[in-house]
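Shown next: final21.csv, containing CSV, C-alpha atoms and all ligand atoms.
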chain,number,residue,atom,x,y,z
T,156,MET,CA,105.9,88.4,77.6
T,157,ILE,CA,104.8,85.7,80.0
T,158,THR,CA,105.4,85.8,83.7
T,159,LEU,CA,104.8,83.0,86.2
T,160,GLY,CA,104.2,84.1,89.8
T,161,ILE,CA,104.8,81.9,92.8
T,162,GLU,CA,103.7,82.8,96.4
T,163,THR,CA,104.4,80.7,99.4
T,164,SER,CA,105.2,83.2,102.2
T,165,CYS,CA,102.6,82.0,104.7
T,166,ASP,CA,99.7,79.6,104.5
T,167,GLU,CA,98.5,79.9,100.9
T,168,THR,CA,100.2,78.1,98.1
T,169,ALA,CA,99.6,80.3,95.0
T,170,VAL,CA,100.6,80.2,91.4
T,171,ALA,CA,99.6,82.7,88.6
T,172,VAL,CA,100.4,83.4,85.0
T,173,VAL,CA,100.3,86.9,83.7
T,174,GLU,CA,100.7,88.0,80.1
T,175,ASP,CA,102.3,91.3,78.9
T,176,GLY,CA,102.6,92.7,82.4
T,177,PHE,CA,99.1,92.7,83.8
T,178,HIS,CA,96.7,90.5,81.9
T,179,LEU,CA,95.8,87.5,84.1
T,180,ARG,CA,95.8,84.1,82.3
T,181,SER,CA,95.5,82.0,85.4
T,182,ASN,CA,95.4,82.5,89.2
T,183,LEU,CA,95.2,79.5,91.5
T,184,ILE,CA,95.4,79.2,95.3
T,185,ALA,CA,95.6,76.1,97.4
T,186,SER,CA,94.6,77.2,100.9
T,187,GLN,CA,95.9,75.5,104.0
T,188,VAL,CA,93.4,77.1,106.4
T,189,HIS,CA,91.9,73.8,107.3
T,190,LEU,CA,95.3,72.4,108.5
T,191,HIS,CA,95.9,75.3,110.8
T,192,GLU,CA,92.4,75.8,112.1
T,193,ARG,CA,92.6,73.5,115.1
T,194,PHE,CA,95.8,75.3,116.3
T,195,GLY,CA,94.1,78.7,116.1
T,196,GLY,CA,97.0,80.1,114.1
T,197,VAL,CA,99.6,79.2,111.3
T,198,VAL,CA,102.1,76.5,112.3
T,199,PRO,CA,105.3,77.2,110.3
T,200,GLU,CA,106.4,73.5,109.9
T,201,VAL,CA,102.9,72.4,108.8
T,202,ALA,CA,102.8,75.3,106.3
T,203,ALA,CA,106.2,74.4,104.7
T,204,ARG,CA,105.2,70.8,104.4
T,205,ALA,CA,101.8,71.6,102.9
T,206,HIS,CA,103.5,73.9,100.3
T,207,VAL,CA,105.8,71.1,99.2
T,208,GLU,CA,102.8,68.8,98.6
T,209,ALA,CA,100.6,71.5,96.9
T,210,LEU,CA,103.1,73.4,94.7
T,211,ASN,CA,103.9,71.0,91.8
T,212,PRO,CA,100.4,70.0,91.0
T,213,LEU,CA,99.3,73.7,91.3
T,214,LEU,CA,102.1,74.8,88.9
T,215,GLU,CA,101.0,72.3,86.3
T,216,GLU,CA,97.4,73.3,86.7
T,217,ALA,CA,98.1,77.0,86.4
T,218,LEU,CA,100.2,76.6,83.2
T,219,ALA,CA,97.5,74.3,81.7
T,220,GLU,CA,94.8,76.7,82.5
T,221,ALA,CA,96.8,79.5,80.9
T,222,GLY,CA,97.6,77.3,77.9
T,223,ILE,CA,101.3,78.0,78.4
T,224,GLY,CA,104.2,75.5,78.3
T,225,PHE,CA,107.3,75.8,80.5
T,226,SER,CA,109.5,76.8,77.6
T,227,GLU,CA,107.3,79.8,76.8
T,228,LEU,CA,108.0,81.5,80.2
T,229,ASP,CA,110.1,84.7,80.1
T,230,ALA,CA,110.2,85.3,83.8
T,231,VAL,CA,109.6,83.4,87.0
T,232,ALA,CA,108.7,85.8,89.8
T,233,VAL,CA,108.8,84.6,93.4
T,234,THR,CA,108.2,86.0,96.8
T,235,VAL,CA,111.5,86.0,98.7
T,236,GLY,CA,110.2,87.8,101.9
T,237,PRO,CA,108.9,88.8,104.3
T,238,GLY,CA,107.3,85.6,105.6
T,239,LEU,CA,107.9,82.3,107.2
T,240,VAL,CA,111.4,81.1,106.3
T,241,GLY,CA,110.5,77.4,105.6
T,242,ALA,CA,107.5,78.4,103.6
T,243,LEU,CA,109.4,80.9,101.5
T,244,LEU,CA,112.2,78.4,100.8
T,245,VAL,CA,109.7,76.0,99.2
T,246,GLY,CA,108.5,78.6,96.6
T,247,LEU,CA,112.0,79.9,96.1
T,248,ALA,CA,113.6,76.5,95.4
T,249,SER,CA,110.9,75.6,92.9
T,250,ALA,CA,111.2,79.0,91.2
T,251,LYS,CA,115.0,78.5,90.8
T,252,ALA,CA,114.6,75.0,89.4
T,253,LEU,CA,111.9,76.2,87.0
T,254,ALA,CA,114.0,79.2,85.8
T,255,LEU,CA,117.0,77.0,85.3
T,256,ALA,CA,115.1,74.3,83.4
T,257,SER,CA,113.1,76.6,81.2
T,258,GLY,CA,115.6,79.3,80.6
T,259,ALA,CA,113.4,81.9,82.0
T,260,ASP,CA,114.8,84.7,84.2
T,261,LEU,CA,114.3,84.6,88.0
T,262,VAL,CA,112.8,87.8,89.6
T,263,ALA,CA,112.8,88.3,93.3
T,264,VAL,CA,109.6,90.0,94.7
T,265,ASN,CA,108.8,91.6,98.1
T,266,HIS,CA,105.4,90.3,99.3
T,267,LEU,CA,104.4,93.7,100.8
T,268,GLU,CA,105.1,95.5,97.6
T,269,GLY,CA,103.1,92.8,95.8
T,270,HIS,CA,100.1,93.5,98.0
T,271,TYR,CA,99.6,97.0,96.6
T,272,TRP,CA,100.6,95.9,93.1
T,273,ALA,CA,97.4,93.8,93.1
T,274,ASN,CA,95.7,97.1,92.2
T,275,PHE,CA,97.5,97.2,88.9
T,276,LEU,CA,96.2,94.0,87.4
T,277,GLU,CA,94.1,94.6,84.3
T,278,HIS,CA,94.8,98.4,83.9
T,279,GLY,CA,98.5,98.7,84.8
T,280,PRO,CA,99.8,101.3,87.3
T,281,PRO,CA,98.6,104.9,87.4
T,282,ASP,CA,101.3,107.6,87.6
T,283,PRO,CA,102.9,107.9,91.1
T,284,PRO,CA,103.1,109.4,93.7
T,285,TYR,CA,101.1,107.0,95.9
T,286,VAL,CA,100.3,106.4,99.5
T,287,ALA,CA,99.9,102.7,100.2
T,288,LEU,CA,98.1,101.3,103.2
T,289,ILE,CA,99.2,97.7,103.7
T,290,VAL,CA,97.2,95.8,106.3
T,291,SER,CA,97.5,92.1,106.6
T,292,GLY,CA,98.0,89.3,109.2
T,293,GLY,CA,101.6,90.2,109.6
T,294,HIS,CA,101.9,93.9,108.8
T,295,THR,CA,100.2,97.3,109.2
T,296,MET,CA,101.9,100.2,107.6
T,297,LEU,CA,101.6,103.4,105.6
T,298,VAL,CA,104.1,103.8,102.8
T,299,HIS,CA,104.8,106.9,100.7
T,300,VAL,CA,105.8,106.0,97.2
T,301,PRO,CA,107.1,109.2,95.6
T,302,GLU,CA,108.2,107.4,92.4
T,303,MET,CA,107.8,103.8,91.1
T,304,PHE,CA,109.8,101.3,93.2
T,305,HIS,CA,110.8,103.8,95.9
T,306,HIS,CA,109.4,103.4,99.4
T,307,ASP,CA,109.4,105.5,102.5
T,308,VAL,CA,107.6,103.7,105.3
T,309,VAL,CA,106.1,106.6,107.2
T,310,GLY,CA,104.3,104.6,109.9
T,311,GLN,CA,103.6,101.1,111.1
T,312,THR,CA,102.2,99.2,114.0
T,313,LEU,CA,104.1,99.3,117.3
T,314,ASP,CA,102.7,95.9,118.3
T,315,ASP,CA,100.1,93.6,116.6
T,316,ALA,CA,99.2,93.8,112.9
T,317,ALA,CA,95.5,94.7,112.2
T,318,GLY,CA,94.8,91.2,110.8
T,319,GLU,CA,96.3,89.7,114.0
T,320,ALA,CA,94.0,91.9,116.1
T,321,PHE,CA,91.0,90.8,114.0
T,322,ASP,CA,91.9,87.2,114.4
T,323,LYS,CA,92.5,87.4,118.2
T,324,VAL,CA,89.3,89.3,118.9
T,325,ALA,CA,87.4,86.9,116.6
T,326,ARG,CA,88.8,84.0,118.6
T,327,LEU,CA,87.7,85.7,121.9
T,328,LEU,CA,84.2,86.0,120.5
T,329,GLY,CA,84.3,82.3,119.4
T,330,LEU,CA,84.3,83.0,115.7
T,331,GLY,CA,87.1,80.5,114.6
T,332,PHE,CA,90.2,81.0,112.6
T,333,PRO,CA,91.1,83.1,110.6
T,334,GLY,CA,88.5,85.3,112.2
T,335,GLY,CA,88.7,88.5,110.1
T,336,PRO,CA,86.1,87.5,107.5
T,337,ALA,CA,83.7,86.1,110.2
T,338,LEU,CA,84.1,89.2,112.3
T,339,ASP,CA,83.4,91.4,109.3
T,340,ALA,CA,80.3,89.4,108.5
T,341,MET,CA,79.0,89.6,112.1
T,342,SER,CA,79.7,93.3,112.3
T,343,ARG,CA,77.1,94.0,109.6
T,344,GLU,CA,74.4,92.9,112.1
T,345,GLY,CA,75.8,95.2,114.9
T,346,ASP,CA,75.9,98.8,115.9
T,347,PRO,CA,79.4,100.3,115.4
T,348,GLN,CA,78.6,103.0,118.0
T,349,ALA,CA,77.3,100.6,120.7
T,350,ILE,CA,80.6,100.5,122.7
T,351,ARG,CA,83.2,103.1,122.7
T,352,PHE,CA,86.6,101.2,122.4
T,353,PRO,CA,89.8,103.2,122.4
T,354,ARG,CA,91.2,104.7,119.2
T,355,ALA,CA,94.9,104.2,119.9
T,356,LEU,CA,97.3,106.9,118.7
T,357,GLU,CA,94.5,108.6,116.8
T,358,ASP,CA,95.9,112.0,117.7
T,359,SER,CA,99.5,111.1,117.9
T,360,GLY,CA,100.4,113.3,114.9
T,361,ASP,CA,102.4,110.5,113.3
T,362,TYR,CA,101.4,107.5,111.2
T,363,ASP,CA,102.1,104.7,113.7
T,364,PHE,CA,99.4,102.3,114.9
T,365,SER,CA,98.8,100.2,118.0
T,366,MET,CA,96.4,97.4,118.5
T,367,SER,CA,97.2,95.9,121.9
T,368,GLY,CA,95.2,98.4,124.0
T,369,LEU,CA,92.2,97.9,121.9
T,370,LYS,CA,92.5,94.1,122.1
T,371,THR,CA,92.7,94.3,125.9
T,372,ALA,CA,89.8,96.7,126.1
T,373,VAL,CA,87.6,94.2,124.2
T,374,LEU,CA,88.8,91.4,126.5
T,375,ARG,CA,88.0,93.5,129.6
T,376,TYR,CA,84.6,94.5,128.3
T,377,VAL,CA,83.6,90.8,127.6
T,378,LYS,CA,84.8,89.7,131.0
T,379,ALA,CA,83.0,92.5,132.8
T,380,GLU,CA,79.7,91.8,131.0
T,381,ARG,CA,80.0,88.1,131.7
T,382,ALA,CA,80.8,88.7,135.4
T,383,ALA,CA,77.8,91.0,135.7
T,384,GLY,CA,75.6,88.2,134.3
T,385,ARG,CA,74.7,90.2,131.2
T,386,ASP,CA,74.2,88.6,127.8
T,387,LEU,CA,76.7,89.8,125.3
T,388,HIS,CA,75.4,91.1,122.0
T,389,LEU,CA,78.2,89.8,119.9
T,390,PRO,CA,77.4,91.8,116.7
T,391,ASP,CA,77.7,95.0,118.7
T,392,VAL,CA,81.0,94.0,120.2
T,393,ALA,CA,82.3,93.0,116.8
T,394,ALA,CA,81.1,96.1,115.0
T,395,SER,CA,82.4,98.4,117.7
T,396,PHE,CA,85.8,96.8,117.7
T,397,GLN,CA,86.0,97.0,113.9
T,398,GLU,CA,85.0,100.6,114.0
T,399,ALA,CA,87.8,101.5,116.3
T,400,ILE,CA,90.4,100.0,114.0
T,401,VAL,CA,88.8,101.5,110.9
T,402,ASP,CA,88.5,105.0,112.3
T,403,VAL,CA,92.2,105.2,113.0
T,404,GLN,CA,93.2,103.7,109.7
T,405,VAL,CA,91.0,106.0,107.7
T,406,SER,CA,92.1,109.1,109.5
T,407,LYS,CA,95.8,108.3,109.3
T,408,THR,CA,95.7,107.2,105.6
T,409,MET,CA,93.9,110.4,104.6
T,410,ALA,CA,96.2,112.6,106.7
T,411,ALA,CA,99.2,111.0,104.9
T,412,ALA,CA,97.6,111.5,101.6
T,413,LYS,CA,97.1,115.2,102.3
T,414,GLU,CA,100.6,115.6,103.6
T,415,PHE,CA,102.1,114.0,100.5
T,416,GLY,CA,100.1,116.1,98.1
T,417,THR,CA,96.9,114.0,97.5
T,418,PRO,CA,98.5,111.1,95.6
T,419,THR,CA,96.6,108.0,94.6
T,420,VAL,CA,95.8,105.9,97.7
T,421,LEU,CA,96.5,102.2,97.2
T,422,LEU,CA,95.1,99.6,99.5
T,423,GLY,CA,96.6,96.2,99.9
T,424,GLY,CA,96.6,93.1,102.2
T,425,GLY,CA,94.1,90.7,103.6
T,426,VAL,CA,92.4,93.3,105.9
T,427,VAL,CA,91.5,95.4,102.9
T,428,ALA,CA,88.9,92.7,102.2
T,429,ASN,CA,87.1,94.2,105.2
T,430,THR,CA,83.8,95.7,104.0
T,431,ARG,CA,83.7,98.6,106.4
T,432,LEU,CA,87.3,99.6,105.9
T,433,ARG,CA,86.9,99.6,102.1
T,434,ASP,CA,83.6,101.5,102.3
T,435,ARG,CA,84.9,104.2,104.7
T,436,LEU,CA,88.2,104.7,102.8
T,437,HIS,CA,86.3,105.1,99.5
T,438,GLU,CA,83.8,107.5,101.1
T,439,GLU,CA,86.6,109.7,102.5
T,440,GLY,CA,88.5,109.6,99.2
T,441,ASP,CA,85.4,110.7,97.4
T,442,ARG,CA,84.8,113.5,99.9
T,443,LEU,CA,88.4,114.8,99.7
T,444,GLY,CA,88.9,114.2,96.0
T,445,ILE,CA,91.6,111.6,96.5
T,446,PRO,CA,91.5,108.5,94.3
T,447,VAL,CA,91.4,105.3,96.4
T,448,LEU,CA,92.2,102.0,94.7
T,449,ALA,CA,91.4,98.6,96.3
T,450,PRO,CA,92.1,95.2,94.7
T,451,SER,CA,89.1,93.0,94.0
T,452,LEU,CA,88.2,90.9,97.1
T,453,GLY,CA,90.1,87.8,96.1
T,454,LEU,CA,93.2,89.7,95.4
T,455,CYS,CA,93.5,91.4,98.8
T,456,THR,CA,94.5,88.2,100.6
T,457,ASP,CA,97.7,86.3,99.6
T,458,ASN,CA,97.8,85.4,95.9
T,459,ALA,CA,100.4,84.9,93.2
T,460,ALA,CA,98.8,87.3,90.6
T,461,MET,CA,100.2,90.2,92.6
T,462,ILE,CA,103.6,88.6,92.6
T,463,ALA,CA,103.5,88.0,88.9
T,464,VAL,CA,102.4,91.5,88.0
T,465,LEU,CA,105.1,93.1,90.1
T,466,GLY,CA,107.7,90.6,88.9
T,467,ALA,CA,106.8,91.5,85.3
T,468,ALA,CA,107.3,95.2,86.0
T,469,ARG,CA,110.7,94.6,87.7
T,470,TRP,CA,111.8,92.2,84.8
T,471,THR,CA,110.9,94.9,82.3
T,472,ARG,CA,113.2,97.4,84.0
T,473,GLY,CA,116.0,94.8,83.7
T,474,GLU,CA,116.0,93.1,87.1
T,475,ARG,CA,117.2,89.6,87.3
T,476,ALA,CA,117.9,87.6,90.5
T,477,SER,CA,120.7,85.1,90.7
T,478,LEU,CA,120.3,81.5,91.6
T,479,ASP,CA,122.0,82.2,94.9
T,480,THR,CA,119.2,84.6,96.0
T,481,PRO,CA,118.3,83.8,99.6
T,482,ALA,CA,114.9,83.9,101.3
T,483,ASP,CA,114.6,86.8,103.7
T,484,PRO,CA,111.9,86.4,106.4
T,485,GLN,CA,112.5,90.0,107.6
T,486,LEU,CA,112.7,91.6,104.1
T,487,ARG,CA,111.9,95.3,104.2
T,488,LEU,CA,110.5,97.5,101.4
T,489,SER,CA,113.5,98.9,99.5
T,490,ALA,CA,114.0,102.6,99.6
S,501,LIG,O1,97.4,89.4,103.4
S,501,LIG,P1,97.0,88.2,104.1
S,501,LIG,O2,96.2,87.1,103.3
S,501,LIG,O3,98.2,87.4,104.7
S,501,LIG,C1,99.3,88.1,105.2
S,501,LIG,O4,100.1,88.5,104.5
S,501,LIG,O5,99.3,88.2,106.5
S,501,LIG,O6,96.1,88.7,105.3
S,501,LIG,C2,95.5,87.8,106.2
S,501,LIG,C3,94.7,88.5,107.3
S,501,LIG,C4,94.2,87.6,108.3
S,501,LIG,O7,94.5,88.1,109.6
S,501,LIG,C5,92.6,87.7,108.1
S,501,LIG,O8,91.9,87.6,109.3
S,501,LIG,C6,92.5,89.1,107.6
S,501,LIG,O9,93.6,89.3,106.7
S,501,LIG,N1,91.3,89.3,106.8
S,501,LIG,C7,90.3,90.2,107.2
S,501,LIG,C8,89.2,90.0,106.3
S,501,LIG,N2,89.6,89.1,105.4
S,501,LIG,C9,90.9,88.7,105.7
S,501,LIG,N3,90.2,91.0,108.3
S,501,LIG,C10,89.1,91.7,108.4
S,501,LIG,N4,88.0,91.6,107.6
S,501,LIG,C11,88.0,90.8,106.5
S,501,LIG,N5,87.0,90.7,105.7
S,502,ZN,ZN,100.1,88.9,102.6

Structure re-expressed in structure tokens:
Amino acid sequence: MITLGIETSCDETAVAVVEDGFHLRSNLIASQVHLHERFGGVVPEVAARAHVEALNPLLEEALAEAGIGFSELDAVAVTVGPGLVGALLVGLASAKALALASGADLVAVNHLEGHYWANFLEHGPPDPPYVALIVSGGHTMLVHVPEMFHHDVVGQTLDDAAGEAFDKVARLLGLGFPGGPALDAMSREGDPQAIRFPRALEDSGDYDFSMSGLKTAVLRYVKAERAAGRDLHLPDVAASFQEAIVDVQVSKTMAAAKEFGTPTVLLGGGVVANTRLRDRLHEEGDRLGIPVLAPSLGLCTDNAAMIAVLGAARWTRGERASLDTPADPQLRLSA
């Protein structure tokens, strides 16, 4: 069974081919980061236009690399949300046309669910239940998955997503866009205990997150140090900010895992590429005897392999999307 995955929800055009559910045959990404860099963030119209230009050549390349012809496709899995509407529509229109022309079935995929399905490439899914921590540029949430395809969002951010906080603080520190990876790298040279930034909602007793107070605290600290004429030690600021985010995410994720009967913890989303977050979650998981799975680094950020692997699983249980399926920028995880 051959599944083609298409992902265009934000600023990466991505196409992948997966065989028999979870064996990766090709996995290509055309990044648009260079187009958005000078704006300091993703510009929706620019993203949609860049997807239009990149998608067809990428489709051809991905199929050629996989050694698969259009007529051999069984399913075309595509991200229908959440994401930028114009960007989503480019991938969805292509997927519909491809399904119609090749005779393959169209399968609609939720991007957030895809993020934690990135863990199931190569080995397939372990038995549920799971607790999934999804942390990306647009989302920060903890999800209880009592059985396959059933979601209960138990907590989420009340303001910014974690990736957004990383990007904003990185910008404040002059690290460019997207700043998450640069801030991660710089933190390795710094002392995470140097500055005590607030751990928002750490003891709130629920699974919600908040980033805005932390962001403001970093801004205030930087301004005060500059006003006092002191040289900022940027690695210490970066490491201390990162530690504040990581502390809360680790403690809430593990609390949720304990509450829901020590299920497998699944990590997903671009921020899971963060070295400190991965290391701390794995350490805590080992200490508590809770299995923690994280996708390989290249499969944390947006990609189409995760869309293909989830699409194949949904196809196998009989799901087919009609050619009228709309894009849904606000799509939620289905219960
Ligand atoms: O999942 P993703 O590729 O796109 C969305 O669905 O939003 O996540 C992108 C986010 C960006 O905010 C980026 O700065 C962040 O993930 N990110 C990181 C790291 N790598 C990517 N944040 C912290 N540390 C990293 N190493
Ligand atoms: Zn994403």

Self-check item: Separation of CA of Ala230 (chain T) from CA of Arg204 (chain T), in Å and rounded to one decimal
Solution: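 About the pair CA of Ala230 (chain T) and CA of Arg204 (chain T): they are 25.7 Å apart.
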
Self-check item: Counting only C-alpha atoms, the residue of T:Ile184, T:Met409, T:Leu267, T:Ala221 that sits nearest Ile157 (chain T)
Solution: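 The answer is T:Ala221, which sits nearest to Ile157 (chain T).
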
Contact check, chain T to ligand ZN 502 (chain S), at most 12 Å, counting only C-alpha atoms and all ligand atoms, closest pairs as a tab-separated table:
residue	atom	partner	partner_atom	distance
T:Glu162	CA	S:ZN502	ZN	9.4
T:Thr163	CA	S:ZN502	ZN	9.8
T:Ser164	CA	S:ZN502	ZN	7.7
T:Cys165	CA	S:ZN502	ZN	7.6
T:Asp166	CA	S:ZN502	ZN	9.5
T:Glu167	CA	S:ZN502	ZN	9.3
T:Thr168	CA	S:ZN502	ZN	11.7
T:Ala169	CA	S:ZN502	ZN	11.5
T:Thr234	CA	S:ZN502	ZN	10.4
T:Gly236	CA	S:ZN502	ZN	10.2
T:Pro237	CA	S:ZN502	ZN	9.0
T:Gly238	CA	S:ZN502	ZN	8.5
T:Leu239	CA	S:ZN502	ZN	11.2
T:Asn265	CA	S:ZN502	ZN	10.2
T:His266	CA	S:ZN502	ZN	6.4
T:Leu267	CA	S:ZN502	ZN	6.7
T:Glu268	CA	S:ZN502	ZN	9.7
T:Gly269	CA	S:ZN502	ZN	8.4
T:His270	CA	S:ZN502	ZN	6.5
T:Tyr271	CA	S:ZN502	ZN	10.1
T:Trp272	CA	S:ZN502	ZN	11.8
T:Ala273	CA	S:ZN502	ZN	11.0
T:Ile289	CA	S:ZN502	ZN	8.9
T:Val290	CA	S:ZN502	ZN	8.3
T:Ser291	CA	S:ZN502	ZN	5.7
T:Gly292	CA	S:ZN502	ZN	6.9
T:Gly293	CA	S:ZN502	ZN	7.3
T:His294	CA	S:ZN502	ZN	8.2
T:Thr295	CA	S:ZN502	ZN	10.7
T:Ala316	CA	S:ZN502	ZN	11.4
T:Gly318	CA	S:ZN502	ZN	10.0
T:Gly423	CA	S:ZN502	ZN	8.5
T:Gly424	CA	S:ZN502	ZN	5.5
T:Gly425	CA	S:ZN502	ZN	6.3
T:Val426	CA	S:ZN502	ZN	9.5
T:Val427	CA	S:ZN502	ZN	10.8
T:Ala428	CA	S:ZN502	ZN	11.8
T:Gly453	CA	S:ZN502	ZN	12.0
T:Leu454	CA	S:ZN502	ZN	10.0
T:Cys455	CA	S:ZN502	ZN	8.0
T:Thr456	CA	S:ZN502	ZN	6.0
T:Asp457	CA	S:ZN502	ZN	4.6
T:Asn458	CA	S:ZN502	ZN	7.9
T:Ala459	CA	S:ZN502	ZN	10.2
T:Met461	CA	S:ZN502	ZN	10.1
T:Ile462	CA	S:ZN502	ZN	10.6

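Distances here use all atoms listed in the file; by that measure, the residue among T:Leu213, T:Val188, T:Val286, T:Ala482 closest to ligand LIG 501 (chain S) is T:Val188.
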
Practice problem: Can you work out which one of T:Arg431, T:His306, T:Arg375, T:Arg354 has the shortest atom-to-atom distance to ligand LIG 501 (chain S), counting all atoms listed in the file? | Solution: T:Arg431

Self-check item: Within 12 Å of region 222-225 of chain T using only C-alpha atoms, minus same-chain residues under 3 positions, as a list in words
Solution: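 Answer for this query is Met156, Ile157, Thr158, Leu159, Ala171, Val172, Val173, Glu174, Arg180, Ser181, Leu214, Glu215, Glu216, Ala217, Leu218, Ala219, Leu228, Asp229, Ala230, Val231, Ala250, Ala252, Leu253, Ala254, Leu255, Ala256, Ser257, Gly258 and Ala259 of chain T.
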
Quiz item: Rounded to one decimal in Å, what is the spacing between atom C3 of ligand LIG 501 (chain S) and CA of Gly335 (chain T)?
Solution: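 These two atoms are separated by 6.6 Å.
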
Please report, as JSON, the centre and edge lengths in Å to one decimal of an axis-aligned box covering all listed atoms of region 426-440 of chain T with 3 Å per side.
{"center_x": 88.0, "center_y": 101.2, "center_z": 102.8, "size_x": 14.8, "size_y": 23.0, "size_z": 13.2}

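Taking CA of Ala468 (chain T) and CA of Ala232 (chain T) as the two end points, the separation is 10.2 Å.
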
Quiz item: Closest to Thr417 (chain T) among T:Arg469, T:Gly384, T:Pro199, T:His299, using all atoms listed in the file?
Solution: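 Checking each of T:Arg469, T:Gly384, T:Pro199, T:His299 against Thr417 (chain T), counting all atoms listed in the file, the winner is T:His299.
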
From the block I gave, I'd like region 208-220 of chain T written with N, CA and C atoms, as a PDB file, in the first residue's frame.
ATOM      1  N   GLU T 208       4.494  27.595  -6.201  1.00  0.00           N
ATOM      2  CA  GLU T 208       5.694  27.416  -7.029  1.00  0.00           C
ATOM      3  C   GLU T 208       6.446  26.121  -6.709  1.00  0.00           C
ATOM      4  N   ALA T 209       6.479  25.768  -5.437  1.00  0.00           N
ATOM      5  CA  ALA T 209       7.341  24.639  -5.025  1.00  0.00           C
ATOM      6  C   ALA T 209       6.677  23.274  -5.174  1.00  0.00           C
ATOM      7  N   LEU T 210       5.333  23.232  -5.075  1.00  0.00           N
ATOM      8  CA  LEU T 210       4.685  21.924  -4.881  1.00  0.00           C
ATOM      9  C   LEU T 210       4.827  20.949  -6.052  1.00  0.00           C
ATOM     10  N   ASN T 211       4.554  21.381  -7.286  1.00  0.00           N
ATOM     11  CA  ASN T 211       4.598  20.419  -8.401  1.00  0.00           C
ATOM     12  C   ASN T 211       5.973  19.790  -8.611  1.00  0.00           C
ATOM     13  N   PRO T 212       7.046  20.603  -8.689  1.00  0.00           N
ATOM     14  CA  PRO T 212       8.363  19.968  -8.812  1.00  0.00           C
ATOM     15  C   PRO T 212       8.697  19.033  -7.647  1.00  0.00           C
ATOM     16  N   LEU T 213       8.248  19.415  -6.450  1.00  0.00           N
ATOM     17  CA  LEU T 213       8.546  18.578  -5.272  1.00  0.00           C
ATOM     18  C   LEU T 213       7.806  17.239  -5.345  1.00  0.00           C
ATOM     19  N   LEU T 214       6.556  17.284  -5.830  1.00  0.00           N
ATOM     20  CA  LEU T 214       5.775  16.050  -6.002  1.00  0.00           C
ATOM     21  C   LEU T 214       6.487  15.098  -6.960  1.00  0.00           C
ATOM     22  N   GLU T 215       6.938  15.666  -8.073  1.00  0.00           N
ATOM     23  CA  GLU T 215       7.622  14.817  -9.067  1.00  0.00           C
ATOM     24  C   GLU T 215       8.897  14.218  -8.491  1.00  0.00           C
ATOM     25  N   GLU T 216       9.628  15.047  -7.764  1.00  0.00           N
ATOM     26  CA  GLU T 216      10.895  14.584  -7.194  1.00  0.00           C
ATOM     27  C   GLU T 216      10.655  13.489  -6.137  1.00  0.00           C
ATOM     28  N   ALA T 217       9.631  13.685  -5.325  1.00  0.00           N
ATOM     29  CA  ALA T 217       9.369  12.713  -4.247  1.00  0.00           C
ATOM     30  C   ALA T 217       8.954  11.363  -4.826  1.00  0.00           C
ATOM     31  N   LEU T 218       8.129  11.382  -5.866  1.00  0.00           N
ATOM     32  CA  LEU T 218       7.709  10.123  -6.486  1.00  0.00           C
ATOM     33  C   LEU T 218       8.889   9.457  -7.192  1.00  0.00           C
ATOM     34  N   ALA T 219       9.707  10.268  -7.877  1.00  0.00           N
ATOM     35  CA  ALA T 219      10.873   9.704  -8.576  1.00  0.00           C
ATOM     36  C   ALA T 219      11.830   9.062  -7.568  1.00  0.00           C
ATOM     37  N   GLU T 220      12.064   9.765  -6.460  1.00  0.00           N
ATOM     38  CA  GLU T 220      12.985   9.225  -5.450  1.00  0.00           C
ATOM     39  C   GLU T 220      12.448   7.919  -4.859  1.00  0.00           C
TER      40      GLU T 220
END
